[in-house]
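So this one's entry.cif, mmCIF, C-alpha atoms:
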data_query
loop_
_atom_site.group_PDB
_atom_site.id
_atom_site.type_symbol
_atom_site.label_atom_id
_atom_site.label_comp_id
_atom_site.auth_asym_id
_atom_site.auth_seq_id
_atom_site.Cartn_x
_atom_site.Cartn_y
_atom_site.Cartn_z
ATOM 1 C CA MET A 1 -21.980 9.464 1.984
ATOM 2 C CA ASP A 2 -21.387 12.316 -0.391
ATOM 3 C CA LYS A 3 -18.798 15.041 -0.601
ATOM 4 C CA LYS A 4 -20.602 17.283 1.932
ATOM 5 C CA ASP A 5 -20.809 14.423 4.454
ATOM 6 C CA HIS A 6 -17.080 13.774 4.107
ATOM 7 C CA LEU A 7 -16.320 17.465 4.595
ATOM 8 C CA ALA A 8 -18.582 17.585 7.677
ATOM 9 C CA LEU A 9 -16.806 14.550 9.156
ATOM 10 C CA ALA A 10 -13.409 16.007 8.298
ATOM 11 C CA GLU A 11 -14.331 19.169 10.228
ATOM 12 C CA HIS A 12 -15.736 17.105 13.108
ATOM 13 C CA PHE A 13 -12.494 15.168 13.539
ATOM 14 C CA GLU A 14 -10.495 18.347 13.118
ATOM 15 C CA GLU A 15 -12.444 19.896 16.013
ATOM 16 C CA ILE A 16 -11.731 16.803 18.120
ATOM 17 C CA ALA A 17 -8.039 17.067 17.233
ATOM 18 C CA ASN A 18 -8.048 20.716 18.327
ATOM 19 C CA LEU A 19 -9.910 19.924 21.539
ATOM 20 C CA ILE A 20 -7.354 17.255 22.402
ATOM 21 C CA ASN A 21 -4.450 19.544 21.556
ATOM 22 C CA ASP A 22 -5.879 22.369 23.688
ATOM 23 C CA ASN A 23 -6.290 20.081 26.688
ATOM 24 C CA ASP A 24 -3.378 17.744 26.283
ATOM 25 C CA ASP A 25 -1.429 17.067 29.407
ATOM 26 C CA ASN A 26 2.189 16.561 28.417
ATOM 27 C CA GLY A 27 1.446 14.219 25.535
ATOM 28 C CA LYS A 28 -0.922 12.010 27.498
ATOM 29 C CA HIS A 29 -3.474 12.104 24.683
ATOM 30 C CA ILE A 30 -1.153 12.070 21.684
ATOM 31 C CA ILE A 31 -2.636 8.769 20.452
ATOM 32 C CA GLY A 32 -6.136 10.289 20.303
ATOM 33 C CA SER A 33 -4.663 13.371 18.658
ATOM 34 C CA ILE A 34 -2.909 11.342 15.944
ATOM 35 C CA ILE A 35 -6.063 9.327 15.218
ATOM 36 C CA ALA A 36 -8.251 12.461 15.066
ATOM 37 C CA HIS A 37 -5.755 14.184 12.734
ATOM 38 C CA HIS A 38 -5.636 11.067 10.535
ATOM 39 C CA TYR A 39 -9.420 10.680 10.315
ATOM 40 C CA SER A 40 -9.895 14.342 9.560
ATOM 41 C CA ALA A 41 -7.330 14.086 6.758
ATOM 42 C CA LEU A 42 -8.942 10.869 5.518
ATOM 43 C CA HIS A 43 -12.340 12.540 5.137
ATOM 44 C CA TYR A 44 -10.855 15.620 3.466
ATOM 45 C CA ILE A 45 -9.191 13.243 0.993
ATOM 46 C CA ASP A 46 -12.398 11.238 0.516
ATOM 47 C CA ALA A 47 -14.374 14.449 -0.086
ATOM 48 C CA TYR A 48 -12.004 15.185 -2.947
ATOM 49 C CA LEU A 49 -11.958 11.602 -4.223
ATOM 50 C CA TYR A 50 -15.757 11.638 -4.193
ATOM 51 C CA ASP A 51 -15.536 14.329 -6.849
ATOM 52 C CA VAL A 52 -12.846 12.498 -8.791
ATOM 53 C CA VAL A 53 -13.998 8.871 -8.814
ATOM 54 C CA LYS A 54 -17.709 9.206 -7.955
ATOM 55 C CA PRO A 55 -17.929 6.242 -5.565
ATOM 56 C CA PRO A 56 -21.332 4.833 -4.563
ATOM 57 C CA GLU A 57 -22.953 6.832 -1.766
ATOM 58 C CA GLU A 58 -24.017 3.887 0.390
ATOM 59 C CA ARG A 59 -20.667 2.806 1.709
ATOM 60 C CA CYS A 60 -16.990 3.522 1.595
ATOM 61 C CA PRO A 61 -15.768 1.695 -1.513
ATOM 62 C CA PHE A 62 -12.098 2.060 -0.710
ATOM 63 C CA SER A 63 -9.644 -0.120 1.076
ATOM 64 C CA HIS A 64 -6.442 1.645 1.989
ATOM 65 C CA LYS A 65 -4.039 -0.259 -0.214
ATOM 66 C CA ASN A 66 -5.108 -2.991 -2.570
ATOM 67 C CA ASP A 67 -2.651 -3.953 -5.291
ATOM 68 C CA GLN A 68 -5.092 -6.466 -6.768
ATOM 69 C CA GLU A 69 -7.890 -3.932 -7.204
ATOM 70 C CA PRO A 70 -6.256 -0.535 -7.724
ATOM 71 C CA ASN A 71 -9.570 1.060 -8.695
ATOM 72 C CA LYS A 72 -10.798 0.401 -5.127
ATOM 73 C CA SER A 73 -7.545 1.282 -3.436
ATOM 74 C CA ARG A 74 -7.337 4.710 -1.831
ATOM 75 C CA TYR A 75 -3.533 4.492 -2.073
ATOM 76 C CA HIS A 76 -3.623 4.026 -5.856
ATOM 77 C CA ILE A 77 -6.389 6.557 -6.454
ATOM 78 C CA MET A 78 -4.583 9.164 -4.344
ATOM 79 C CA LEU A 79 -1.342 8.439 -6.184
ATOM 80 C CA ASN A 80 -3.028 9.280 -9.478
ATOM 81 C CA ASN A 81 -4.913 12.336 -8.286
ATOM 82 C CA LEU A 82 -3.056 14.146 -5.510
ATOM 83 C CA ASP A 83 0.105 16.202 -5.452
ATOM 84 C CA LYS A 84 3.044 14.029 -4.406
ATOM 85 C CA ASP A 85 3.788 16.051 -1.292
ATOM 86 C CA ILE A 86 0.169 15.780 -0.142
ATOM 87 C CA PHE A 87 0.214 12.038 -0.858
ATOM 88 C CA ASP A 88 3.373 11.592 1.250
ATOM 89 C CA ARG A 89 1.909 13.664 4.081
ATOM 90 C CA TYR A 90 -1.296 11.604 4.128
ATOM 91 C CA GLU A 91 0.743 8.411 4.120
ATOM 92 C CA ARG A 92 2.766 9.677 7.073
ATOM 93 C CA LEU A 93 -0.411 10.434 9.045
ATOM 94 C CA HIS A 94 -1.868 7.062 8.079
ATOM 95 C CA ASN A 95 1.338 5.292 9.088
ATOM 96 C CA TYR A 96 1.438 6.985 12.505
ATOM 97 C CA SER A 97 -2.252 6.258 13.063
ATOM 98 C CA GLN A 98 -1.641 2.577 12.249
ATOM 99 C CA ARG A 99 1.373 2.440 14.528
ATOM 100 C CA ALA A 100 -0.630 4.099 17.313
ATOM 101 C CA ARG A 101 -3.486 1.614 17.023
ATOM 102 C CA TYR A 102 -1.861 -1.646 16.009
ATOM 103 C CA LYS A 103 1.808 -1.475 16.933
ATOM 104 C CA LYS A 104 3.720 -0.035 19.859
ATOM 105 C CA GLY A 105 2.897 3.592 19.172
ATOM 106 C CA PHE A 106 0.621 3.818 22.170
ATOM 107 C CA LYS A 107 3.718 3.222 24.320
ATOM 108 C CA ASP A 108 6.346 4.944 22.177
ATOM 109 C CA PHE A 109 4.505 8.080 21.129
ATOM 110 C CA PRO A 110 3.553 9.816 24.424
ATOM 111 C CA PRO A 111 7.211 10.406 25.419
ATOM 112 C CA ASN A 112 7.870 11.686 21.879
ATOM 113 C CA HIS A 113 4.829 13.936 21.554
ATOM 114 C CA LYS A 114 6.944 17.086 21.109
ATOM 115 C CA GLN A 115 8.439 15.618 17.919
ATOM 116 C CA ILE A 116 5.096 14.291 16.640
ATOM 117 C CA ASP A 117 2.759 17.215 17.401
ATOM 118 C CA PRO A 118 4.202 19.688 14.870
ATOM 119 C CA PHE A 119 4.157 17.391 11.845
ATOM 120 C CA ILE A 120 0.715 15.876 12.363
ATOM 121 C CA LYS A 121 -0.727 19.398 12.684
ATOM 122 C CA ASP A 122 1.149 20.570 9.611
ATOM 123 C CA ASP A 123 0.152 17.485 7.591
ATOM 124 C CA LEU A 124 -3.546 18.018 8.287
ATOM 125 C CA LYS A 125 -3.245 21.746 7.583
ATOM 126 C CA GLN A 126 -1.582 21.141 4.208
ATOM 127 C CA ILE A 127 -3.975 18.323 3.235
ATOM 128 C CA LYS A 128 -7.010 20.463 4.128
ATOM 129 C CA LYS A 129 -5.641 23.439 2.200
ATOM 130 C CA HIS A 130 -4.906 21.283 -0.831
ATOM 131 C CA VAL A 131 -8.318 19.591 -0.861
ATOM 132 C CA LEU A 132 -10.307 22.782 -0.323
ATOM 133 C CA ASN A 133 -8.307 24.439 -3.070
ATOM 134 C CA LYS A 134 -9.002 21.506 -5.405
ATOM 135 C CA LEU A 135 -12.678 21.694 -4.504
ATOM 136 C CA LYS A 136 -12.587 25.489 -4.885
ATOM 137 C CA LEU A 137 -13.810 25.851 -1.323
ATOM 138 C CA SER A 138 -10.823 27.750 0.047
ATOM 139 C CA LYS A 139 -11.593 29.330 3.408
ATOM 140 C CA MET B 1 -11.062 -45.424 -26.707
ATOM 141 C CA VAL B 2 -10.452 -42.139 -24.956
ATOM 142 C CA PRO B 3 -13.039 -39.433 -25.499
ATOM 143 C CA ILE B 4 -11.333 -36.100 -26.041
ATOM 144 C CA ALA B 5 -14.480 -34.086 -26.499
ATOM 145 C CA GLU B 6 -18.021 -34.860 -25.449
ATOM 146 C CA LYS B 7 -19.652 -32.885 -28.171
ATOM 147 C CA LEU B 8 -18.511 -30.505 -30.802
ATOM 148 C CA GLU B 9 -20.827 -28.529 -32.946
ATOM 149 C CA TRP B 10 -19.712 -28.294 -36.500
ATOM 150 C CA ILE B 11 -21.650 -25.597 -38.229
ATOM 151 C CA LEU B 12 -21.671 -26.181 -41.918
ATOM 152 C CA THR B 13 -21.656 -23.235 -44.226
ATOM 153 C CA THR B 14 -24.871 -24.552 -45.609
ATOM 154 C CA GLY B 15 -27.117 -26.714 -43.518
ATOM 155 C CA THR B 16 -27.788 -27.406 -39.825
ATOM 156 C CA PRO B 17 -25.193 -27.806 -37.023
ATOM 157 C CA GLN B 18 -23.814 -31.339 -36.744
ATOM 158 C CA ALA B 19 -23.014 -32.903 -33.357
ATOM 159 C CA LEU B 20 -19.780 -34.875 -33.250
ATOM 160 C CA ALA B 21 -18.249 -36.999 -30.516
ATOM 161 C CA LEU B 22 -14.501 -37.398 -30.901
ATOM 162 C CA SER B 23 -12.500 -40.279 -29.512
ATOM 163 C CA VAL B 24 -8.941 -41.475 -29.936
ATOM 164 C CA PRO B 25 -8.002 -45.110 -29.981
ATOM 165 C CA ASP B 26 -5.187 -45.099 -27.455
ATOM 166 C CA ASP B 27 -4.886 -43.622 -23.940
ATOM 167 C CA ARG B 28 -1.189 -43.001 -24.644
ATOM 168 C CA ILE B 29 -2.316 -39.894 -26.498
ATOM 169 C CA GLU B 30 -3.928 -38.597 -23.330
ATOM 170 C CA GLN B 31 -0.684 -39.242 -21.445
ATOM 171 C CA ILE B 32 1.322 -37.385 -24.099
ATOM 172 C CA VAL B 33 -1.113 -34.442 -24.042
ATOM 173 C CA GLN B 34 -0.927 -34.274 -20.249
ATOM 174 C CA GLN B 35 2.865 -34.543 -20.295
ATOM 175 C CA ARG B 36 3.151 -31.728 -22.853
ATOM 176 C CA MET B 37 0.769 -29.579 -20.823
ATOM 177 C CA GLN B 38 2.816 -30.233 -17.685
ATOM 178 C CA GLU B 39 6.037 -29.347 -19.538
ATOM 179 C CA GLN B 40 4.516 -26.115 -20.815
ATOM 180 C CA PHE B 41 3.204 -25.290 -17.348
ATOM 181 C CA GLU B 42 6.650 -25.878 -15.797
ATOM 182 C CA GLU B 43 8.319 -23.790 -18.498
ATOM 183 C CA SER B 44 5.875 -20.922 -17.965
ATOM 184 C CA LYS B 45 6.272 -21.166 -14.188
ATOM 185 C CA ASN B 46 10.063 -21.064 -14.482
ATOM 186 C CA ARG B 47 9.897 -18.055 -16.787
ATOM 187 C CA ILE B 48 7.616 -16.218 -14.351
ATOM 188 C CA ILE B 49 9.946 -17.029 -11.446
ATOM 189 C CA LYS B 50 12.988 -15.844 -13.429
ATOM 190 C CA THR B 51 11.241 -12.618 -14.445
ATOM 191 C CA ALA B 52 9.938 -11.975 -10.934
ATOM 192 C CA THR B 53 13.382 -12.646 -9.466
ATOM 193 C CA ARG B 54 14.958 -10.158 -11.906
ATOM 194 C CA ILE B 55 12.353 -7.546 -10.948
ATOM 195 C CA MET B 56 13.065 -8.168 -7.253
ATOM 196 C CA GLU B 57 16.830 -7.860 -7.846
ATOM 197 C CA SER B 58 16.289 -4.586 -9.656
ATOM 198 C CA LEU B 59 13.986 -3.381 -6.884
ATOM 199 C CA PHE B 60 16.547 -4.414 -4.274
ATOM 200 C CA GLY B 61 19.147 -2.271 -6.087
ATOM 201 C CA GLU B 62 16.775 0.710 -6.015
ATOM 202 C CA VAL B 63 16.071 0.188 -2.321
ATOM 203 C CA VAL B 64 19.796 0.126 -1.523
ATOM 204 C CA VAL B 65 20.433 3.363 -3.475
ATOM 205 C CA ARG B 66 17.507 5.185 -1.872
ATOM 206 C CA PHE B 67 18.126 4.005 1.684
ATOM 207 C CA ASN B 68 21.845 4.769 1.394
ATOM 208 C CA LYS B 69 20.879 8.437 1.084
ATOM 209 C CA ILE B 70 19.268 8.392 4.538
ATOM 210 C CA ILE B 71 21.301 5.608 6.103
ATOM 211 C CA LYS B 72 22.957 7.901 8.670
ATOM 212 C CA GLU B 73 19.540 8.619 10.132
ATOM 213 C CA ILE B 74 18.553 4.948 10.297
ATOM 214 C CA ASP B 75 19.645 2.356 12.814
ATOM 215 C CA SER B 76 18.846 -0.821 10.885
ATOM 216 C CA VAL B 77 17.007 -2.086 7.807
ATOM 217 C CA TYR B 78 15.245 -5.443 7.531
ATOM 218 C CA MET B 79 13.889 -6.858 4.274
ATOM 219 C CA TYR B 80 11.690 -9.588 2.933
ATOM 220 C CA SER B 81 10.971 -10.354 -0.695
ATOM 221 C CA SER B 82 8.793 -12.989 -2.280
ATOM 222 C CA PRO B 83 9.086 -13.117 -6.070
ATOM 223 C CA MET B 84 6.111 -15.462 -6.433
ATOM 224 C CA GLU B 85 3.895 -13.097 -4.441
ATOM 225 C CA PHE B 86 5.430 -10.019 -6.111
ATOM 226 C CA ALA B 87 5.961 -8.658 -2.610
ATOM 227 C CA PHE B 88 8.854 -6.593 -1.271
ATOM 228 C CA CYS B 89 8.709 -5.481 2.349
ATOM 229 C CA ILE B 90 11.059 -3.314 4.361
ATOM 230 C CA TYR B 91 11.228 -2.506 8.062
ATOM 231 C CA CYS B 92 13.573 0.200 9.235
ATOM 232 C CA THR B 93 14.309 1.127 12.814
ATOM 233 C CA THR B 94 15.276 4.575 14.043
ATOM 234 C CA LYS B 95 16.644 5.766 17.370
ATOM 235 C CA LYS B 96 14.190 8.661 17.563
ATOM 236 C CA ILE B 97 11.096 10.052 15.933
ATOM 237 C CA ASP B 98 11.948 12.624 13.310
ATOM 238 C CA GLY B 99 9.227 14.184 11.168
ATOM 239 C CA ASP B 100 11.548 14.945 8.228
ATOM 240 C CA LEU B 101 12.897 11.397 8.176
ATOM 241 C CA THR B 102 9.446 9.805 8.273
ATOM 242 C CA LEU B 103 8.397 11.978 5.340
ATOM 243 C CA LYS B 104 11.518 10.885 3.419
ATOM 244 C CA ILE B 105 10.623 7.243 4.108
ATOM 245 C CA ARG B 106 7.066 7.752 2.813
ATOM 246 C CA LYS B 107 8.546 9.405 -0.266
ATOM 247 C CA ILE B 108 10.836 6.412 -0.860
ATOM 248 C CA GLU B 109 7.897 4.026 -0.565
ATOM 249 C CA ARG B 110 5.840 6.115 -2.993
ATOM 250 C CA GLU B 111 8.653 6.409 -5.548
ATOM 251 C CA LEU B 112 9.327 2.670 -5.417
ATOM 252 C CA HIS B 113 5.647 2.032 -5.906
ATOM 253 C CA GLU B 114 5.551 4.389 -8.894
ATOM 254 C CA LYS B 115 8.533 2.653 -10.467
ATOM 255 C CA TYR B 116 7.272 -0.884 -9.717
ATOM 256 C CA PRO B 117 3.490 -0.472 -9.769
ATOM 257 C CA ASN B 118 2.752 -4.201 -9.872
ATOM 258 C CA VAL B 119 4.857 -5.117 -6.862
ATOM 259 C CA ASN B 120 3.304 -5.010 -3.419
ATOM 260 C CA ILE B 121 5.799 -2.746 -1.626
ATOM 261 C CA ASN B 122 5.558 -1.903 2.063
ATOM 262 C CA VAL B 123 7.932 0.189 4.111
ATOM 263 C CA ASP B 124 7.355 0.081 7.862
ATOM 264 C CA GLU B 125 9.057 1.938 10.653
ATOM 265 C CA ALA B 126 9.762 1.102 14.276
ATOM 266 C CA LEU B 127 11.805 2.584 17.062
ATOM 267 C CA VAL B 128 14.955 0.843 18.236
ATOM 268 C CA GLY B 129 13.883 -1.571 20.955
ATOM 269 C CA ASP B 130 10.692 -2.524 19.140
ATOM 270 C CA GLU B 131 12.369 -5.107 16.890
ATOM 271 C CA SER B 132 9.859 -7.698 18.119
ATOM 272 C CA LEU B 133 7.392 -6.028 15.717
ATOM 273 C CA ILE B 134 9.464 -7.195 12.750
ATOM 274 C CA PRO B 135 8.287 -10.589 11.450
ATOM 275 C CA SER B 136 10.878 -13.335 11.927
ATOM 276 C CA TYR B 137 11.085 -14.084 8.179
ATOM 277 C CA TYR B 138 12.612 -10.645 7.464
ATOM 278 C CA TYR B 139 16.398 -10.648 7.233
ATOM 279 C CA LYS B 140 18.694 -7.933 8.468
ATOM 280 C CA ALA B 141 20.080 -6.082 5.447
ATOM 281 C CA TYR B 142 21.754 -3.221 7.343
ATOM 282 C CA PRO B 143 24.006 -3.196 9.172
ATOM 283 C CA ALA B 144 25.230 -6.401 7.573
ATOM 284 C CA LYS B 145 26.032 -9.174 10.041
#
Representation of the structure as C-alpha cells:
Amino acid sequence: MDKKDHLALAEHFEEIANLINDNDDNGKHIIGSIIAHHYSALHYIDAYLYDVVKPPEERCPFSHKNDQEPNKSRYHIMLNNLDKDIFDRYERLHNYSQRARYKKGFKDFPPNHKQIDPFIKDDLKQIKKHVLNKLKLSK
Amino acid sequence: MVPIAEKLEWILTTGTPQALALSVPDDRIEQIVQQRMQEQFEESKNRIIKTATRIMESLFGEVVVRFNKIIKEIDSVYMYSSPMEFAFCIYCTTKKIDGDLTLKIRKIERELHEKYPNVNINVDEALVGDESLIPSYYYKAYPAK
C-alpha cells in the first residue's frame, strides 16, 4: 500500500462515517461511527507516515504501540512526526475505538452518543486537515 | 583437570596461528569463577532493580502531580507498576464521558511517555460501574482507602 492507497481508504472510511452519522437513530450506530472515524484517521496518518518513514508497500509495518521496537511503532513514529494536539486527538480516537471493540464501550457508548459525536467528528476533521496540509494536498 | 577453553588461536606476529588447549589443575577454580559470576550477576540485578524502582517512584510523583490537576473530574484512579518490566499502568474511572477530559488524559499519557520514553506507560479509562475491566493486580490509588 502506498500513500495514495492510504488516502483512498481514509476517504472510504470517512464516507462510511458520514453515512452512519446521516442515518443514525439516536446513537444506535455510534460504535460503527467511532470505528469508521478511527480507521479513516488511521489511514490519513499512515498516508503521511508513508511519506515520512517509507515503509514497505506489501504490508502494514506498524503495530500501534511497541516500546521494544519504536521504529515499528505507530505511537512512537507519530510522537516524533506529528503536532502534539493531532497526536492526542488520534490517541483519543484510537482509545475510543479500542473501548468500543474490546471493552464495554458497545454498551456504554450508545446512551452517551451526544457527548461522543462532536469530538470524534472534530478529531477526524483536524487530523485530516493536518495531514493534507503536511502532504500539501489541502482541499 | 578442568578445560577452560577448547581451543584458542594464538596468532604470532610472525608465523602461523598456533592452536592451544588450556586446562587448569583444580575444579575449585571453576567453582570460584562461577561464584564470582553469580555475585556479579546478583550485584547487577540489584542495581537494575534499584534504578528501576527509583524511576518508578519518580514517575509515580509525576502521575500524582498531573492527575491532581484533573482529580475533580475523576472518580477513581487505579495503578500498577512493575519495575522489572519497566511498566507503569493507570486506570481511571469517570462518572460521565467528557471529550475535554479524555483529551487531557491522552495528553497526560503522552507527556509521561515523552518524559520516560523507556517505560511502558498505559493510561486507560472506564466509566464508573465498569470497574470489572480493571485487572485485579491494580491497586486503588485514589481515593485512598
Original post:
When the cut-off is 12 Å and we count all atoms listed in the file, which residues of chain B are near chain A, given as a VMD selection string?
Top reply: chain B and resid 85 to 87 95 to 111 113 to 114 116 to 134
Saved selection, atoms kept: C-alpha atoms, as a tab-separated table (two decimals), keeping the file's coordinate frame:
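Dumped everything to out_0.tsv:
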chain	number	residue	atom	x	y	z
B	85	GLU	CA	3.90	-13.10	-4.44
B	86	PHE	CA	5.43	-10.02	-6.11
B	87	ALA	CA	5.96	-8.66	-2.61
B	95	LYS	CA	16.64	5.77	17.37
B	96	LYS	CA	14.19	8.66	17.56
B	97	ILE	CA	11.10	10.05	15.93
B	98	ASP	CA	11.95	12.62	13.31
B	99	GLY	CA	9.23	14.18	11.17
B	100	ASP	CA	11.55	14.94	8.23
B	101	LEU	CA	12.90	11.40	8.18
B	102	THR	CA	9.45	9.80	8.27
B	103	LEU	CA	8.40	11.98	5.34
B	104	LYS	CA	11.52	10.88	3.42
B	105	ILE	CA	10.62	7.24	4.11
B	106	ARG	CA	7.07	7.75	2.81
B	107	LYS	CA	8.55	9.40	-0.27
B	108	ILE	CA	10.84	6.41	-0.86
B	109	GLU	CA	7.90	4.03	-0.56
B	110	ARG	CA	5.84	6.12	-2.99
B	111	GLU	CA	8.65	6.41	-5.55
B	113	HIS	CA	5.65	2.03	-5.91
B	114	GLU	CA	5.55	4.39	-8.89
B	116	TYR	CA	7.27	-0.88	-9.72
B	117	PRO	CA	3.49	-0.47	-9.77
B	118	ASN	CA	2.75	-4.20	-9.87
B	119	VAL	CA	4.86	-5.12	-6.86
B	120	ASN	CA	3.30	-5.01	-3.42
B	121	ILE	CA	5.80	-2.75	-1.63
B	122	ASN	CA	5.56	-1.90	2.06
B	123	VAL	CA	7.93	0.19	4.11
B	124	ASP	CA	7.36	0.08	7.86
B	125	GLU	CA	9.06	1.94	10.65
B	126	ALA	CA	9.76	1.10	14.28
B	127	LEU	CA	11.80	2.58	17.06
B	128	VAL	CA	14.96	0.84	18.24
B	129	GLY	CA	13.88	-1.57	20.96
B	130	ASP	CA	10.69	-2.52	19.14
B	131	GLU	CA	12.37	-5.11	16.89
B	132	SER	CA	9.86	-7.70	18.12
B	133	LEU	CA	7.39	-6.03	15.72
B	134	ILE	CA	9.46	-7.20	12.75
Considering all atoms listed in the file, return as a PDB file with C-alpha atoms, in the coordinates of the input whatever protein or nucleic-acid residues lie within 10 Å of A:Lys3, sequence-local ones (same chain, fewer than 3 positions apart) excluded.
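Writing done, so here's around-v3.pdb:
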ATOM      1  CA  HIS A   6     -17.080  13.774   4.107  1.00  0.00           C
ATOM      2  CA  LEU A   7     -16.320  17.465   4.595  1.00  0.00           C
ATOM      3  CA  ALA A   8     -18.582  17.585   7.677  1.00  0.00           C
ATOM      4  CA  LEU A   9     -16.806  14.550   9.156  1.00  0.00           C
ATOM      5  CA  HIS A  43     -12.340  12.540   5.137  1.00  0.00           C
ATOM      6  CA  TYR A  44     -10.855  15.620   3.466  1.00  0.00           C
ATOM      7  CA  ILE A  45      -9.191  13.243   0.993  1.00  0.00           C
ATOM      8  CA  ASP A  46     -12.398  11.238   0.516  1.00  0.00           C
ATOM      9  CA  ALA A  47     -14.374  14.449  -0.086  1.00  0.00           C
ATOM     10  CA  TYR A  48     -12.004  15.185  -2.947  1.00  0.00           C
ATOM     11  CA  LEU A  49     -11.958  11.602  -4.223  1.00  0.00           C
ATOM     12  CA  TYR A  50     -15.757  11.638  -4.193  1.00  0.00           C
ATOM     13  CA  ASP A  51     -15.536  14.329  -6.849  1.00  0.00           C
ATOM     14  CA  LYS A  54     -17.709   9.206  -7.955  1.00  0.00           C
ATOM     15  CA  GLU A  57     -22.953   6.832  -1.766  1.00  0.00           C
ATOM     16  CA  LEU A 135     -12.678  21.694  -4.504  1.00  0.00           C
TER      17      LEU A 135
END
Subject >> Distance in Å - atom CA of B:Tyr78 versus atom CA of B:Ser58 >> reply: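 Those two atoms sit 17.2 Å apart.
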Subject >> Near-B:Tyr80 list (6 Å; all atoms listed in the file; drop same-chain fewer than 5 positions) as number ranges by chain >> reply: B: 88-89, 138
Resolved residues for the PyMOL selection byres ((chain A and resi 30-40) around 7) as a short mmCIF file (atom, residue, chain, number, x, y, z; two decimals) with C-alpha atoms, in the frame of the given file:
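Written output follows (part28.cif):
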data_model
loop_
_atom_site.label_atom_id
_atom_site.label_comp_id
_atom_site.auth_asym_id
_atom_site.auth_seq_id
_atom_site.Cartn_x
_atom_site.Cartn_y
_atom_site.Cartn_z
CA LEU A 9 -16.81 14.55 9.16
CA ALA A 10 -13.41 16.01 8.30
CA GLU A 11 -14.33 19.17 10.23
CA PHE A 13 -12.49 15.17 13.54
CA GLU A 14 -10.50 18.35 13.12
CA ILE A 16 -11.73 16.80 18.12
CA ALA A 17 -8.04 17.07 17.23
CA ILE A 20 -7.35 17.26 22.40
CA ASN A 21 -4.45 19.54 21.56
CA GLY A 27 1.45 14.22 25.54
CA LYS A 28 -0.92 12.01 27.50
CA HIS A 29 -3.47 12.10 24.68
CA ALA A 41 -7.33 14.09 6.76
CA LEU A 42 -8.94 10.87 5.52
CA HIS A 43 -12.34 12.54 5.14
CA TYR A 44 -10.86 15.62 3.47
CA LEU A 93 -0.41 10.43 9.04
CA HIS A 94 -1.87 7.06 8.08
CA SER A 97 -2.25 6.26 13.06
CA ALA A 100 -0.63 4.10 17.31
CA PHE A 106 0.62 3.82 22.17
CA PHE A 109 4.50 8.08 21.13
CA PRO A 110 3.55 9.82 24.42
CA HIS A 113 4.83 13.94 21.55
CA ILE A 120 0.72 15.88 12.36
CA LEU A 124 -3.55 18.02 8.29
#
